[in-house]
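Everything below concerns the one structure shown next.
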Amino acid sequence: MHHNVIGVVLAGGQSRRMGQNKALLARNAPAPQQVIAQTIEQSMLYFTCQQIVKAGVTQLIINGSSDAYSDHIIAHIAVNLAVPVARISDDEAAQGPVGGIASVLTHATVKTDSVYIFVPVDLPLLQALDLAQLIQGGCVNQRATHFEKQPLPLFIYDVTSGQKALEQQRVKNDRSVWCLASLLHALTLLSAEPSNWLNANTPQEWAKAQALINPN
């Protein structure tokens, strides 16, 4: 079956530990600098969108508020990456990545050919090939999929199953992505390069990532 693969950038967090919006940080700033990108193309948001598009998605959704990501930014990304781009804000504030996933799936039109890959915006070493592997594994096995020891990125094969799992999760009062993956009976794949999943949520983690991106 041909799938309509929708890529979602989870960029709705408050970035409290980083001290500023990590989605708008300049990815290639010299270490250990932590500066806001002067153009959207320099930002973590754009880099993440770019890797998702390279992985083969047919459209993008940016999970975040209009205050952080204006219509101009959304349109600019759509033109540059040549895919439709929409923005969906969180229905409830401060609910973490699962809140973003729930907000997107709540607004999703249930189509039998639509599948979703949810990618956080704080992975400076993210690679399109890894995301393509996740999408392929999920589509072939027709089930939710993630990498070993990494709850995100998370591929969700069936919107209805995802919505039901989120309802069960609310009853359990567990907002972790691990809980959601468990309720989805997600398949676990081995990652070729575990180092690609370095999170950058704090200035210290950001400096470490920058040193790897710009070793000189």
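Chains: A, B, ... in order of the structure tokens. Residues: from 1 per chain. Ligands: from 1, in order shown.
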query = DSSP says strand (DSSP E) for which residues of region 9-188 of chain A? Put them as number ranges by chain?
reply = A: 9-10, 59-63, 85-88, 114-120, 145-147, 150-156, 187-188
Could you dump the residues just selected with C-alpha atoms as a tab-separated table (two decimals), in the first residue's frame?
```tsv
chain	number	residue	atom	x	y	z
A	9	VAL	CA	8.21	18.24	14.43
A	10	LEU	CA	7.55	18.37	18.17
A	59	GLN	CA	3.84	16.74	4.28
A	60	LEU	CA	5.02	18.41	7.48
A	61	ILE	CA	3.29	19.54	10.66
A	62	ILE	CA	5.04	21.80	13.13
A	63	ASN	CA	3.66	21.30	16.61
A	85	VAL	CA	3.52	22.59	5.99
A	86	ALA	CA	0.89	23.16	8.68
A	87	ARG	CA	1.13	24.31	12.29
A	88	ILE	CA	-0.84	22.75	15.16
A	114	SER	CA	-1.92	8.21	6.50
A	115	VAL	CA	0.96	7.35	8.82
A	116	TYR	CA	2.85	9.67	11.16
A	117	ILE	CA	6.42	10.06	12.34
A	118	PHE	CA	6.88	12.30	15.40
A	119	VAL	CA	10.35	13.84	15.75
A	120	PRO	CA	11.55	16.10	18.58
A	145	THR	CA	7.92	1.74	15.82
A	146	HIS	CA	10.83	3.41	17.62
A	147	PHE	CA	14.54	2.81	18.12
A	150	GLN	CA	14.78	6.02	22.24
A	151	PRO	CA	11.04	6.61	22.67
A	152	LEU	CA	11.33	9.42	20.12
A	153	PRO	CA	11.25	9.59	17.17
A	154	LEU	CA	8.03	7.56	17.25
A	155	PHE	CA	6.32	6.19	14.15
A	156	ILE	CA	2.57	5.67	14.45
A	187	LEU	CA	8.20	-2.48	17.56
A	188	THR	CA	11.78	-1.70	18.65
```
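The environment of Ala102 (chain A) within 9 Å, counting only C-alpha atoms and disregarding residues fewer than 6 places along the same chain, consists of A:Asp90, A:Asp91, A:Gly162, A:Gln163, A:Leu166.
The shell of residues at most 6 Å from region 15-28 of chain A, with only C-alpha atoms counted and near chain neighbours (fewer than 6 positions) removed, consists of A:Val35, A:Ile36, A:Ala37, A:Gln42, A:Ser43, A:Met44, A:Leu45, A:Val121, A:Asn201, A:Thr202, A:Pro203.
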